[in-house]
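Structure data (compact mmCIF, C-alpha atoms and all ligand atoms) from upload31.txt:
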```
# COMPACT_ATOMS: atom_id res chain seq x y z
CA MET A 12 -61.47 41.49 -36.42
CA SER A 13 -64.89 40.74 -34.93
CA GLU A 14 -66.63 44.07 -34.33
CA PHE A 15 -68.64 44.63 -37.49
CA ASN A 16 -72.05 43.07 -37.15
CA TYR A 17 -72.91 40.80 -40.08
CA GLN A 18 -76.12 39.50 -38.52
CA GLY A 19 -78.93 39.78 -41.03
CA LEU A 20 -76.58 40.09 -44.00
CA PHE A 21 -75.97 36.43 -44.76
CA ALA A 22 -77.81 34.67 -47.55
CA GLU A 23 -80.56 32.44 -46.24
CA ARG A 24 -78.92 29.31 -47.52
CA ALA A 25 -75.43 30.17 -46.17
CA PRO A 26 -74.99 27.49 -43.53
CA ILE A 27 -73.58 28.01 -40.08
CA THR A 28 -70.52 25.77 -40.11
CA THR A 29 -68.09 25.11 -37.36
CA ARG A 30 -65.41 23.89 -39.69
CA GLY A 31 -62.24 24.38 -37.68
CA ALA A 32 -58.77 23.11 -38.45
CA ASN A 33 -58.79 19.42 -39.40
CA ARG A 34 -58.31 17.52 -36.19
CA HIS A 35 -56.40 14.27 -36.33
CA ALA A 36 -56.55 11.52 -33.75
CA LYS A 37 -53.31 9.71 -32.99
CA TYR A 38 -54.62 6.86 -35.16
CA ASP A 39 -56.66 8.59 -37.84
CA PHE A 40 -58.96 6.25 -39.77
CA ALA A 41 -61.62 8.94 -40.26
CA VAL A 42 -60.62 10.78 -43.41
CA ALA A 43 -59.80 9.24 -46.80
CA TYR A 44 -56.34 10.64 -47.46
CA PRO A 45 -53.92 8.97 -49.89
CA ASP A 46 -50.50 7.60 -48.99
CA PRO A 47 -48.17 10.54 -48.21
CA ASP A 48 -44.94 8.58 -48.68
CA THR A 49 -45.51 7.88 -52.36
CA LEU A 50 -46.49 11.47 -53.24
CA PRO A 51 -44.30 12.20 -56.28
CA LEU A 52 -42.73 15.38 -54.95
CA THR A 53 -39.46 15.22 -56.88
CA GLY A 54 -41.26 14.35 -60.09
CA LEU A 55 -43.70 17.23 -59.61
CA VAL A 56 -40.89 19.73 -58.98
CA GLU A 57 -39.09 18.60 -62.13
CA ALA A 58 -42.31 18.67 -64.14
CA LEU A 59 -43.16 22.15 -62.92
CA SER A 60 -39.72 23.42 -63.79
CA THR A 61 -39.84 21.92 -67.30
CA ALA A 62 -43.33 23.24 -67.96
CA LEU A 63 -42.57 26.73 -66.64
CA GLU A 64 -39.46 27.01 -68.79
CA ARG A 65 -41.51 25.99 -71.80
CA GLU A 66 -44.61 28.13 -71.33
CA GLY A 67 -44.48 29.85 -67.95
CA ARG A 68 -44.81 33.31 -69.54
CA ASP A 69 -48.35 32.34 -70.53
CA LEU A 70 -49.29 32.59 -66.86
CA ALA A 71 -49.61 36.31 -67.66
CA TYR A 72 -52.93 35.40 -69.35
CA TYR A 73 -56.04 34.26 -67.53
CA PRO A 74 -56.58 30.55 -68.25
CA VAL A 75 -59.35 29.53 -70.65
CA SER A 76 -62.51 28.74 -68.72
CA ALA A 77 -62.49 25.02 -69.53
CA GLY A 78 -58.90 24.76 -68.25
CA TYR A 79 -55.41 24.06 -69.66
CA PRO A 80 -56.01 22.32 -73.03
CA PRO A 81 -53.06 19.86 -72.90
CA LEU A 82 -54.28 18.53 -69.55
CA ARG A 83 -57.77 18.11 -70.99
CA GLU A 84 -56.19 16.18 -73.90
CA LEU A 85 -54.36 13.97 -71.44
CA VAL A 86 -57.54 13.29 -69.46
CA ALA A 87 -59.45 12.50 -72.67
CA ASP A 88 -56.76 10.00 -73.74
CA LYS A 89 -56.87 8.38 -70.34
CA LEU A 90 -60.67 8.11 -70.32
CA ARG A 91 -60.70 6.59 -73.81
CA ARG A 92 -58.01 4.08 -72.85
CA ASP A 93 -58.97 3.19 -69.27
CA ARG A 94 -62.72 3.87 -69.09
CA GLN A 95 -63.70 3.11 -72.72
CA MET A 96 -65.31 6.53 -73.02
CA ASP A 97 -65.76 8.15 -76.40
CA VAL A 98 -64.56 11.63 -75.45
CA THR A 99 -62.33 14.44 -76.68
CA ALA A 100 -60.73 17.32 -74.81
CA ASP A 101 -63.68 19.49 -75.84
CA ASP A 102 -66.07 17.40 -73.73
CA ILE A 103 -64.06 18.09 -70.57
CA ILE A 104 -63.74 20.99 -68.17
CA LEU A 105 -61.11 21.11 -65.45
CA THR A 106 -62.25 22.02 -61.96
CA SER A 107 -60.74 22.69 -58.58
CA GLY A 108 -60.98 19.04 -57.49
CA SER A 109 -63.86 16.83 -58.56
CA GLY A 110 -65.78 18.20 -55.58
CA GLU A 111 -66.12 21.49 -57.41
CA ALA A 112 -67.42 19.72 -60.53
CA ILE A 113 -70.04 17.95 -58.43
CA ASN A 114 -71.01 21.19 -56.69
CA MET A 115 -71.34 23.01 -60.00
CA LEU A 116 -73.70 20.34 -61.29
CA ILE A 117 -75.75 20.35 -58.11
CA GLN A 118 -76.09 24.13 -58.36
CA ALA A 119 -76.90 24.03 -62.04
CA MET A 120 -79.56 21.36 -61.68
CA THR A 121 -81.22 21.66 -58.28
CA ASP A 122 -84.13 23.79 -57.18
CA PRO A 123 -85.16 23.56 -53.53
CA GLY A 124 -87.30 20.46 -52.98
CA ASP A 125 -85.93 18.54 -55.96
CA VAL A 126 -84.92 14.98 -55.27
CA LEU A 127 -81.34 13.85 -55.77
CA LEU A 128 -80.76 10.11 -55.48
CA THR A 129 -77.63 8.57 -53.99
CA GLU A 130 -76.49 5.19 -52.77
CA GLU A 131 -77.84 4.44 -49.29
CA TYR A 132 -74.53 5.59 -47.81
CA VAL A 133 -72.81 8.42 -49.64
CA TYR A 134 -69.73 10.64 -49.66
CA LEU A 135 -70.33 13.35 -47.08
CA GLY A 136 -69.06 16.27 -49.15
CA THR A 137 -71.62 15.60 -51.86
CA MET A 138 -74.47 15.09 -49.42
CA ARG A 139 -73.65 18.41 -47.73
CA GLN A 140 -73.66 20.31 -51.02
CA MET A 141 -76.90 18.71 -52.11
CA ARG A 142 -78.57 19.82 -48.90
CA LEU A 143 -77.03 23.27 -49.09
CA TRP A 144 -78.85 23.78 -52.38
CA GLY A 145 -82.15 22.61 -50.95
CA ALA A 146 -82.20 19.10 -52.39
CA ASN A 147 -84.14 16.32 -50.84
CA VAL A 148 -81.44 13.60 -50.69
CA VAL A 149 -82.83 10.09 -50.99
CA GLY A 150 -80.66 6.98 -50.57
CA VAL A 151 -81.25 3.85 -52.66
CA LYS A 152 -80.76 0.38 -51.21
CA CYS A 153 -77.54 -1.40 -52.21
CA ASP A 154 -75.90 -4.77 -51.71
CA ASP A 155 -72.29 -5.79 -52.31
CA ASP A 156 -72.82 -5.68 -56.10
CA GLY A 157 -73.97 -2.06 -56.13
CA ILE A 158 -77.33 -0.29 -56.28
CA ILE A 159 -80.22 -2.78 -56.41
CA PRO A 160 -82.01 -2.00 -59.71
CA GLU A 161 -85.48 -2.89 -58.43
CA ALA A 162 -84.96 -0.60 -55.44
CA LEU A 163 -83.85 2.19 -57.78
CA ASP A 164 -86.93 1.73 -59.94
CA GLU A 165 -89.23 1.69 -56.92
CA THR A 166 -87.60 4.77 -55.40
CA ILE A 167 -87.97 6.78 -58.59
CA ARG A 168 -91.58 5.68 -58.99
CA ALA A 169 -92.37 6.58 -55.38
CA GLN A 170 -90.85 10.04 -55.76
CA GLU A 171 -92.68 10.65 -59.02
CA ALA A 172 -95.94 9.44 -57.50
CA ALA A 173 -95.44 11.97 -54.69
CA GLY A 174 -95.06 14.68 -57.32
CA ARG A 175 -91.37 15.27 -56.68
CA ARG A 176 -88.91 15.80 -59.49
CA VAL A 177 -85.89 13.45 -59.52
CA LYS A 178 -83.10 15.56 -61.01
CA PHE A 179 -80.32 12.97 -61.11
CA LEU A 180 -78.81 9.87 -59.56
CA TYR A 181 -75.36 10.42 -58.05
CA THR A 182 -73.38 7.20 -57.93
CA ILE A 183 -69.84 6.22 -56.95
CA PRO A 184 -69.73 2.85 -58.72
CA THR A 185 -66.06 2.09 -58.14
CA PHE A 186 -64.77 1.64 -54.58
CA GLN A 187 -67.92 3.27 -53.36
CA ASN A 188 -67.37 5.86 -50.64
CA PRO A 189 -67.94 4.76 -47.90
CA LEU A 190 -69.00 1.15 -48.57
CA GLY A 191 -65.94 0.10 -50.61
CA TRP A 192 -67.66 -2.20 -53.15
CA THR A 193 -67.44 -1.87 -56.93
CA ALA A 194 -70.68 -2.18 -58.87
CA THR A 195 -70.68 -5.16 -61.24
CA LEU A 196 -71.03 -4.74 -64.99
CA GLU A 197 -74.55 -6.15 -64.89
CA ARG A 198 -75.60 -3.72 -62.16
CA ARG A 199 -74.15 -0.81 -64.11
CA GLN A 200 -76.15 -1.80 -67.15
CA ARG A 201 -79.33 -2.25 -65.12
CA MET A 202 -78.82 1.07 -63.32
CA LEU A 203 -78.52 2.81 -66.66
CA GLU A 204 -81.59 1.02 -68.07
CA VAL A 205 -83.72 2.01 -65.09
CA CYS A 206 -82.57 5.62 -65.34
CA GLN A 207 -83.16 5.62 -69.10
CA SER A 208 -86.68 4.34 -68.62
CA HIS A 209 -87.44 7.26 -66.27
CA GLY A 210 -85.41 9.94 -68.09
CA VAL A 211 -83.19 10.48 -65.04
CA PRO A 212 -79.55 11.47 -65.69
CA ILE A 213 -76.70 9.78 -63.85
CA LEU A 214 -73.72 11.54 -62.33
CA GLU A 215 -70.94 8.95 -62.22
CA ASP A 216 -68.26 9.91 -59.68
CA ASP A 217 -65.24 7.78 -60.59
CA CYS A 218 -62.62 9.45 -58.43
CA TYR A 219 -61.22 6.23 -56.90
CA VAL A 220 -61.05 4.15 -60.07
CA ASP A 221 -57.26 4.15 -60.44
CA LEU A 222 -56.67 2.89 -56.92
CA ARG A 223 -57.24 -0.75 -57.83
CA PHE A 224 -54.70 -3.12 -56.36
CA GLU A 225 -56.58 -6.35 -56.99
CA GLY A 226 -59.19 -7.76 -59.38
CA GLU A 227 -60.36 -6.54 -62.78
CA ASP A 228 -61.50 -3.08 -63.82
CA VAL A 229 -65.21 -2.72 -64.60
CA THR A 230 -65.99 -0.38 -67.46
CA SER A 231 -67.58 3.01 -66.77
CA ILE A 232 -71.33 3.56 -66.91
CA SER A 233 -70.58 6.51 -69.13
CA SER A 234 -69.11 4.18 -71.80
CA MET A 235 -72.47 2.35 -72.02
CA ASP A 236 -74.36 5.47 -73.01
CA ASP A 237 -73.94 7.58 -76.11
CA SER A 238 -76.82 9.95 -75.48
CA GLY A 239 -75.18 12.24 -72.91
CA GLN A 240 -77.42 11.00 -70.10
CA VAL A 241 -74.39 10.02 -68.01
CA LEU A 242 -72.26 12.83 -66.61
CA TYR A 243 -68.85 11.89 -65.30
CA THR A 244 -66.37 13.32 -62.78
CA GLY A 245 -62.80 12.32 -61.99
CA SER A 246 -60.01 13.62 -59.81
CA MET A 247 -56.27 14.05 -59.46
CA SER A 248 -56.67 13.93 -55.67
CA LYS A 249 -56.35 10.20 -55.51
CA ILE A 250 -53.60 9.69 -58.10
CA ILE A 251 -51.49 12.71 -57.09
CA ALA A 252 -52.82 14.46 -53.97
CA PRO A 253 -55.89 16.37 -52.76
CA GLY A 254 -53.66 19.41 -52.23
CA VAL A 255 -53.22 19.92 -55.98
CA ARG A 256 -56.99 20.62 -56.24
CA MET A 257 -57.52 19.34 -59.75
CA GLY A 258 -60.48 17.38 -61.06
CA TYR A 259 -62.68 17.28 -64.12
CA LEU A 260 -66.19 17.01 -65.48
CA VAL A 261 -67.25 15.27 -68.68
CA ALA A 262 -70.64 16.42 -69.86
CA PRO A 263 -72.57 17.51 -72.97
CA GLU A 264 -72.08 21.13 -74.01
CA MET A 265 -75.41 22.34 -72.65
CA VAL A 266 -74.57 20.96 -69.20
CA ARG A 267 -70.96 22.20 -69.25
CA GLU A 268 -72.10 25.70 -70.11
CA ARG A 269 -74.65 25.81 -67.29
CA ALA A 270 -72.18 24.30 -64.81
CA LEU A 271 -69.48 26.77 -65.83
CA SER A 272 -71.73 29.66 -64.96
CA PHE A 273 -71.15 28.69 -61.30
CA LYS A 274 -67.39 28.87 -61.62
CA SER A 275 -65.30 32.01 -61.47
CA GLY A 276 -62.43 31.91 -63.94
CA GLY A 277 -60.60 28.78 -65.08
CA VAL A 278 -58.60 26.47 -62.85
CA ASN A 279 -55.13 27.01 -61.46
CA GLN A 280 -52.90 26.95 -64.54
CA PHE A 281 -49.75 26.74 -62.42
CA ALA A 282 -50.90 23.41 -60.97
CA ALA A 283 -52.23 22.24 -64.33
CA LEU A 284 -48.84 22.78 -65.99
CA ALA A 285 -47.05 20.63 -63.42
CA ILE A 286 -49.72 17.92 -63.38
CA GLU A 287 -49.86 17.59 -67.16
CA GLU A 288 -46.09 17.40 -67.54
CA TYR A 289 -45.79 14.92 -64.67
CA LEU A 290 -48.63 12.60 -65.68
CA ARG A 291 -47.64 12.56 -69.36
CA ASN A 292 -44.36 10.93 -68.36
CA HIS A 293 -45.06 9.01 -65.14
CA MET A 294 -48.80 8.41 -64.61
CA TYR A 295 -48.99 4.61 -64.65
CA ASP A 296 -45.65 4.01 -62.89
CA HIS A 297 -46.76 6.30 -60.13
CA ILE A 298 -50.20 4.69 -59.82
CA ASP A 299 -48.55 1.25 -59.58
CA GLU A 300 -46.25 2.40 -56.83
CA GLU A 301 -49.07 4.01 -54.90
CA ASN A 302 -51.27 0.94 -55.22
CA GLN A 303 -48.57 -1.36 -53.90
CA ALA A 304 -48.34 0.80 -50.80
CA LEU A 305 -52.14 0.86 -50.42
CA ARG A 306 -52.43 -2.90 -50.80
CA ALA A 307 -49.95 -3.42 -47.94
CA LYS A 308 -51.97 -1.06 -45.76
CA ARG A 309 -55.27 -2.72 -46.60
CA ASP A 310 -53.73 -6.11 -45.79
CA ALA A 311 -52.44 -4.74 -42.50
CA MET A 312 -55.92 -3.52 -41.60
CA LEU A 313 -57.58 -6.82 -42.58
CA ALA A 314 -55.04 -8.81 -40.58
CA ALA A 315 -55.37 -6.58 -37.52
CA LEU A 316 -59.18 -6.72 -37.65
CA GLY A 317 -58.98 -10.53 -37.86
CA GLU A 318 -56.68 -10.62 -34.88
CA HIS A 319 -58.36 -8.06 -32.62
CA PHE A 320 -62.01 -8.05 -33.68
CA GLY A 321 -62.34 -11.71 -34.69
CA ASN A 322 -65.99 -12.66 -34.86
CA ARG A 323 -67.17 -9.58 -32.96
CA ALA A 324 -67.66 -7.61 -36.20
CA THR A 325 -67.66 -8.10 -39.97
CA TRP A 326 -65.88 -5.96 -42.51
CA SER A 327 -65.55 -5.55 -46.27
CA LYS A 328 -62.44 -6.57 -48.22
CA PRO A 329 -62.14 -3.88 -50.88
CA GLU A 330 -60.06 -4.51 -54.01
CA GLY A 331 -58.94 -0.91 -54.05
CA GLY A 332 -59.62 2.55 -52.71
CA LEU A 333 -58.73 3.94 -49.33
CA TYR A 334 -61.17 2.45 -46.78
CA LEU A 335 -63.17 -0.51 -45.62
CA TRP A 336 -66.56 -0.76 -43.99
CA LEU A 337 -66.96 -2.19 -40.53
CA THR A 338 -70.27 -3.61 -39.29
CA MET A 339 -70.83 -4.31 -35.59
CA PRO A 340 -73.89 -6.10 -34.24
CA GLU A 341 -77.12 -4.12 -34.56
CA GLY A 342 -77.62 -1.92 -31.51
CA THR A 343 -73.92 -1.09 -31.06
CA ASP A 344 -73.69 2.70 -31.01
CA LEU A 345 -70.54 3.56 -32.96
CA ALA A 346 -72.11 6.92 -33.80
CA GLY A 347 -72.54 7.86 -30.16
CA PHE A 348 -69.06 6.62 -29.32
CA GLN A 349 -67.21 8.36 -32.15
CA ASP A 350 -66.06 11.44 -30.19
CA GLN A 351 -64.99 9.38 -27.19
CA SER A 352 -62.97 7.07 -29.43
CA PHE A 353 -61.37 10.12 -31.03
CA SER A 354 -60.35 11.55 -27.69
CA GLU A 355 -58.94 8.18 -26.66
CA GLY A 356 -56.77 8.19 -29.78
CA VAL A 357 -58.58 6.49 -32.68
CA GLY A 358 -60.64 8.41 -35.24
CA TYR A 359 -63.35 6.85 -37.44
CA TYR A 360 -66.58 8.06 -39.04
CA SER A 361 -69.71 6.17 -38.13
CA GLY A 362 -72.08 4.95 -40.83
CA SER A 363 -74.80 7.39 -39.80
CA MET A 364 -72.69 10.33 -41.02
CA PHE A 365 -72.93 8.98 -44.57
CA SER A 366 -76.59 8.05 -44.57
CA PRO A 367 -79.19 10.54 -45.81
CA GLU A 368 -81.61 8.90 -43.36
CA GLY A 369 -79.12 8.69 -40.45
CA ASN A 370 -78.93 4.87 -40.60
CA GLY A 371 -75.87 2.77 -39.85
CA ARG A 372 -75.08 3.80 -36.28
CA HIS A 373 -73.49 0.36 -35.77
CA MET A 374 -71.29 0.76 -38.84
CA ALA A 375 -68.11 2.73 -39.53
CA ARG A 376 -65.73 3.60 -42.33
CA LEU A 377 -62.08 2.89 -41.57
CA CYS A 378 -59.54 4.55 -43.88
CA PHE A 379 -56.14 2.94 -44.33
CA GLY A 380 -54.57 5.23 -46.97
CA HIS A 381 -52.58 7.69 -44.89
CA PRO A 382 -51.01 5.88 -41.90
CA THR A 383 -48.14 3.44 -42.42
CA ALA A 384 -48.97 -0.28 -42.40
CA GLN A 385 -47.48 -0.55 -38.91
CA THR A 386 -49.58 2.37 -37.67
CA VAL A 387 -52.66 0.77 -39.21
CA SER A 388 -51.98 -2.45 -37.26
CA ASP A 389 -51.27 -0.60 -34.02
CA GLY A 390 -54.33 1.61 -34.46
CA ILE A 391 -56.72 -1.30 -34.97
CA ALA A 392 -55.29 -2.99 -31.87
CA GLU A 393 -55.85 0.27 -30.01
CA LEU A 394 -59.42 0.59 -31.32
CA ALA A 395 -60.18 -2.92 -30.08
CA ALA A 396 -58.69 -2.02 -26.68
CA ILE A 397 -60.80 1.17 -26.54
CA PHE A 398 -63.95 -0.78 -27.44
CA GLU A 399 -63.09 -3.36 -24.81
CA ARG A 400 -62.55 -0.84 -22.02
CA ASN A 401 -65.72 1.09 -22.86
CA GLY A 402 -68.01 -1.90 -23.21
CA ILE A 403 -68.59 -1.43 -26.95
CA PHE A 404 -67.96 -5.10 -27.65
CA GLN A 405 -70.56 -5.85 -25.02
CA GLY A 406 -73.07 -3.84 -27.04
CA LYS A 407 -73.02 -0.56 -25.12
C1 LIG A 501 -66.47 9.99 -53.71
C2 LIG A 501 -65.75 11.30 -53.70
N1 LIG A 501 -66.02 12.19 -54.66
C3 LIG A 501 -65.42 13.38 -54.71
C4 LIG A 501 -64.47 13.72 -53.77
C5 LIG A 501 -63.86 15.09 -53.87
O1 LIG A 501 -62.53 14.99 -54.13
P1 LIG A 501 -61.68 16.15 -54.81
O2 LIG A 501 -62.48 17.40 -54.80
O3 LIG A 501 -60.45 16.26 -53.98
O4 LIG A 501 -61.42 15.66 -56.20
C6 LIG A 501 -64.15 12.83 -52.75
C7 LIG A 501 -63.17 13.18 -51.72
O5 LIG A 501 -62.79 12.43 -50.88
C8 LIG A 501 -64.80 11.58 -52.71
O6 LIG A 501 -64.55 10.68 -51.78
```

Show this structure as structure tokens.
Ligand SMILES: Cc1ncc(COP(=O)(O)O)c(C=O)c1O
Amino acid sequence: MSEFNYQGLFAERAPITTRGANRHAKYDFAVAYPDPDTLPLTGLVEALSTALEREGRDLAYYPVSAGYPPLRELVADKLRRDRQMDVTADDIILTSGSGEAINMLIQAMTDPGDVLLTEEYVYLGTMRQMRLWGANVVGVKCDDDGIIPEALDETIRAQEAAGRRVKFLYTIPTFQNPLGWTATLERRQRMLEVCQSHGVPILEDDCYVDLRFEGEDVTSISSMDDSGQVLYTGSMSKIIAPGVRMGYLVAPEMVRERALSFKSGGVNQFAALAIEEYLRNHMYDHIDEENQALRAKRDAMLAALGEHFGNRATWSKPEGGLYLWLTMPEGTDLAGFQDQSFSEGVGYYSGSMFSPEGNGRHMARLCFGHPTAQTVSDGIAELAAIFERNGIFQGK
């Protein structure tokens, strides 16, 4: 199947990717997968069966473009209850994972050369899409409380002064990917104020919010705004599984309509039926169970880092989510060593992969969601041994 010559036929912006099968190291801390053992397989099978018996014949129709209405109702209830958002099912469209929602917004709002702001380290999938659509991705300085408001203000001013249009700020305020912190209430308010003063919309990506196993929830940025300036995305990937490909976008009608023009058809109704039936009966019990498992894994990673890395690195202690952030002394080249570490059995992603400017070569994200707690401990011990044998602790 490789004889026809497609050279010259591809769209200019179609990237050349070498995306092969997902490779996994023996100890895989690279990708943020959830816990496989608590996936609610039996519950999903039962839910699917119940829902199909009830309304499976409706699969003969194409789904409505905004997606299965009862699931949108369920999401609206959840957002009102858990995120204090004043929304109804009509404000929501279902998407194939929240990644699709984010991509649709990027496509609907970005012309080549436009500036899109992100935290100084940002989820790779979003950064890739932003660049694919010609955006100039600019990171804003953060500390452990979130985006620094003065830095945000300065960055917007600098871009405006250079004659560039800032189309929106993309933020992951809860269990930030990859840094792991949660923005404080005060920082959320200040972020919104700064964006309001410049007329810049915010895209709040809240996909990790339910994975809290410690501490108190912080209300959504969206709940602090009633003007529609804050767009919001969420996902079923973290509370059920990425494989179900279900997420959602909350946005004013004008934005939903434009975003929908980049989507073909509605979302998978078959999956939506099962998810709605399952979550309506089991959502919070399942989230509790999953979070208990994640907490044990996080604790295993913290303990193993304490034992094997000691004072040779520092790391974050996230209250939820799927990863922590490791910082080695400046000058350590975790970016350059990433492939070697992978081939010796431990996968991680270096900080520079998440930085629009390529910073953070001495930093790495370590995901603890997928391996068992024992594997997490063994893997960190192995990583320390690999660093030792290759001189990484000695600053190579
Ligand atoms: C911050 C963030 N947003 C969005 C996504 C996309 O997730 P999905 O499309 O599975 O909902 C991810 C995936 O890991 C993520 O980390």

Requested in this report: Select the residues contacting ligand LIG 501 (chain A) at a distance of at most 9 Å, based on only C-alpha atoms and all ligand atoms, then format the selection as a PyMOL selection string.
Outcome: chain A and resi 42-44+106-113+133-137+182-183+186-189+216-219+244-249+252-259

Taking C-alpha atoms for each residue, export the selection above as a PDB file, in the frame of the given file.
```pdb
ATOM      1  CA  VAL A  42     -60.620  10.780 -43.410  1.00  0.00           C
ATOM      2  CA  ALA A  43     -59.800   9.240 -46.800  1.00  0.00           C
ATOM      3  CA  TYR A  44     -56.340  10.640 -47.460  1.00  0.00           C
ATOM      4  CA  THR A 106     -62.250  22.020 -61.960  1.00  0.00           C
ATOM      5  CA  SER A 107     -60.740  22.690 -58.580  1.00  0.00           C
ATOM      6  CA  GLY A 108     -60.980  19.040 -57.490  1.00  0.00           C
ATOM      7  CA  SER A 109     -63.860  16.830 -58.560  1.00  0.00           C
ATOM      8  CA  GLY A 110     -65.780  18.200 -55.580  1.00  0.00           C
ATOM      9  CA  GLU A 111     -66.120  21.490 -57.410  1.00  0.00           C
ATOM     10  CA  ALA A 112     -67.420  19.720 -60.530  1.00  0.00           C
ATOM     11  CA  ILE A 113     -70.040  17.950 -58.430  1.00  0.00           C
ATOM     12  CA  VAL A 133     -72.810   8.420 -49.640  1.00  0.00           C
ATOM     13  CA  TYR A 134     -69.730  10.640 -49.660  1.00  0.00           C
ATOM     14  CA  LEU A 135     -70.330  13.350 -47.080  1.00  0.00           C
ATOM     15  CA  GLY A 136     -69.060  16.270 -49.150  1.00  0.00           C
ATOM     16  CA  THR A 137     -71.620  15.600 -51.860  1.00  0.00           C
ATOM     17  CA  THR A 182     -73.380   7.200 -57.930  1.00  0.00           C
ATOM     18  CA  ILE A 183     -69.840   6.220 -56.950  1.00  0.00           C
ATOM     19  CA  PHE A 186     -64.770   1.640 -54.580  1.00  0.00           C
ATOM     20  CA  GLN A 187     -67.920   3.270 -53.360  1.00  0.00           C
ATOM     21  CA  ASN A 188     -67.370   5.860 -50.640  1.00  0.00           C
ATOM     22  CA  PRO A 189     -67.940   4.760 -47.900  1.00  0.00           C
ATOM     23  CA  ASP A 216     -68.260   9.910 -59.680  1.00  0.00           C
ATOM     24  CA  ASP A 217     -65.240   7.780 -60.590  1.00  0.00           C
ATOM     25  CA  CYS A 218     -62.620   9.450 -58.430  1.00  0.00           C
ATOM     26  CA  TYR A 219     -61.220   6.230 -56.900  1.00  0.00           C
ATOM     27  CA  THR A 244     -66.370  13.320 -62.780  1.00  0.00           C
ATOM     28  CA  GLY A 245     -62.800  12.320 -61.990  1.00  0.00           C
ATOM     29  CA  SER A 246     -60.010  13.620 -59.810  1.00  0.00           C
ATOM     30  CA  MET A 247     -56.270  14.050 -59.460  1.00  0.00           C
ATOM     31  CA  SER A 248     -56.670  13.930 -55.670  1.00  0.00           C
ATOM     32  CA  LYS A 249     -56.350  10.200 -55.510  1.00  0.00           C
ATOM     33  CA  ALA A 252     -52.820  14.460 -53.970  1.00  0.00           C
ATOM     34  CA  PRO A 253     -55.890  16.370 -52.760  1.00  0.00           C
ATOM     35  CA  GLY A 254     -53.660  19.410 -52.230  1.00  0.00           C
ATOM     36  CA  VAL A 255     -53.220  19.920 -55.980  1.00  0.00           C
ATOM     37  CA  ARG A 256     -56.990  20.620 -56.240  1.00  0.00           C
ATOM     38  CA  MET A 257     -57.520  19.340 -59.750  1.00  0.00           C
ATOM     39  CA  GLY A 258     -60.480  17.380 -61.060  1.00  0.00           C
ATOM     40  CA  TYR A 259     -62.680  17.280 -64.120  1.00  0.00           C
TER      41      TYR A 259
END
```

Report task. Compile the contact shell of region 341-355 of chain A as a PyMOL selection string: residues with an atom at most 7 Å away, counting all atoms listed in the file, same-chain residues fewer than 5 positions apart removed. Result -> chain A and resi 36+360-361+363+372-374+397+403+406-407

Requested in this report: Quick one: pull the distance between CA of Arg94 (chain A) and CA of Gly191 (chain A), Å, one decimal.
Outcome: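 Between these atoms lies a distance of 19.1 Å.
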
Query - Contacts of Arg201 (chain A) at 9 Å (only C-alpha atoms; same-chain gap of 5+ positions) as a list in words - result: Ile159, Pro160, Leu196 and Cys206 of chain A

Give me the residues of region 267-301 of chain A that have any atom at most 12 Å from an atom of region 61-74 of chain A; for each, the nearest atom pair and the distance in Å, rounded to one decimal. Use all atoms listed in the file, sort by chain and number, and format it as CSV.
```
residue,atom,partner,partner_atom,distance
A:Ser275,CA,A:Pro74,CA,11.1
A:Gly276,CA,A:Pro74,CA,7.4
A:Gly277,CA,A:Pro74,CA,5.4
A:Val278,CA,A:Pro74,CA,7.1
A:Asn279,CA,A:Pro74,CA,7.8
A:Gln280,CA,A:Pro74,CA,6.3
A:Phe281,CA,A:Leu70,CA,7.4
A:Ala282,CA,A:Ala62,CA,10.3
A:Ala283,CA,A:Ala62,CA,9.7
A:Leu284,CA,A:Ala62,CA,5.9
A:Ala285,CA,A:Ala62,CA,6.4
A:Ile286,CA,A:Ala62,CA,9.5
A:Glu287,CA,A:Ala62,CA,8.7
A:Glu288,CA,A:Ala62,CA,6.5
A:Tyr289,CA,A:Ala62,CA,9.3
A:Arg291,CA,A:Ala62,CA,11.6
A:Asn292,CA,A:Thr61,CA,11.9
```

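Checking A:Leu260, A:Val229, A:Ala100, A:Leu127 one by one against Val211 (chain A), counting all atoms listed in the file, you find the shortest gap at A:Leu127.
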
Complete region 178-183 of chain A at the level of N, CA and C atoms, written as a compact mmCIF listing (two decimals), in the frame of the given file.
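Saved the output as selection-v7.txt:
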```txt
# COMPACT_ATOMS: atom_id res chain seq x y z
N LYS A 178 -83.96 14.84 -60.07
CA LYS A 178 -83.10 15.56 -61.01
C LYS A 178 -81.94 14.71 -61.50
N PHE A 179 -81.32 13.93 -60.64
CA PHE A 179 -80.32 12.97 -61.11
C PHE A 179 -79.99 11.96 -60.03
N LEU A 180 -79.35 10.88 -60.47
CA LEU A 180 -78.81 9.87 -59.56
C LEU A 180 -77.31 10.09 -59.48
N TYR A 181 -76.81 10.30 -58.27
CA TYR A 181 -75.36 10.42 -58.05
C TYR A 181 -74.86 9.06 -57.59
N THR A 182 -73.90 8.50 -58.32
CA THR A 182 -73.38 7.20 -57.93
C THR A 182 -71.86 7.19 -57.93
N ILE A 183 -71.30 6.43 -57.02
CA ILE A 183 -69.84 6.22 -56.95
C ILE A 183 -69.64 4.73 -57.20
```
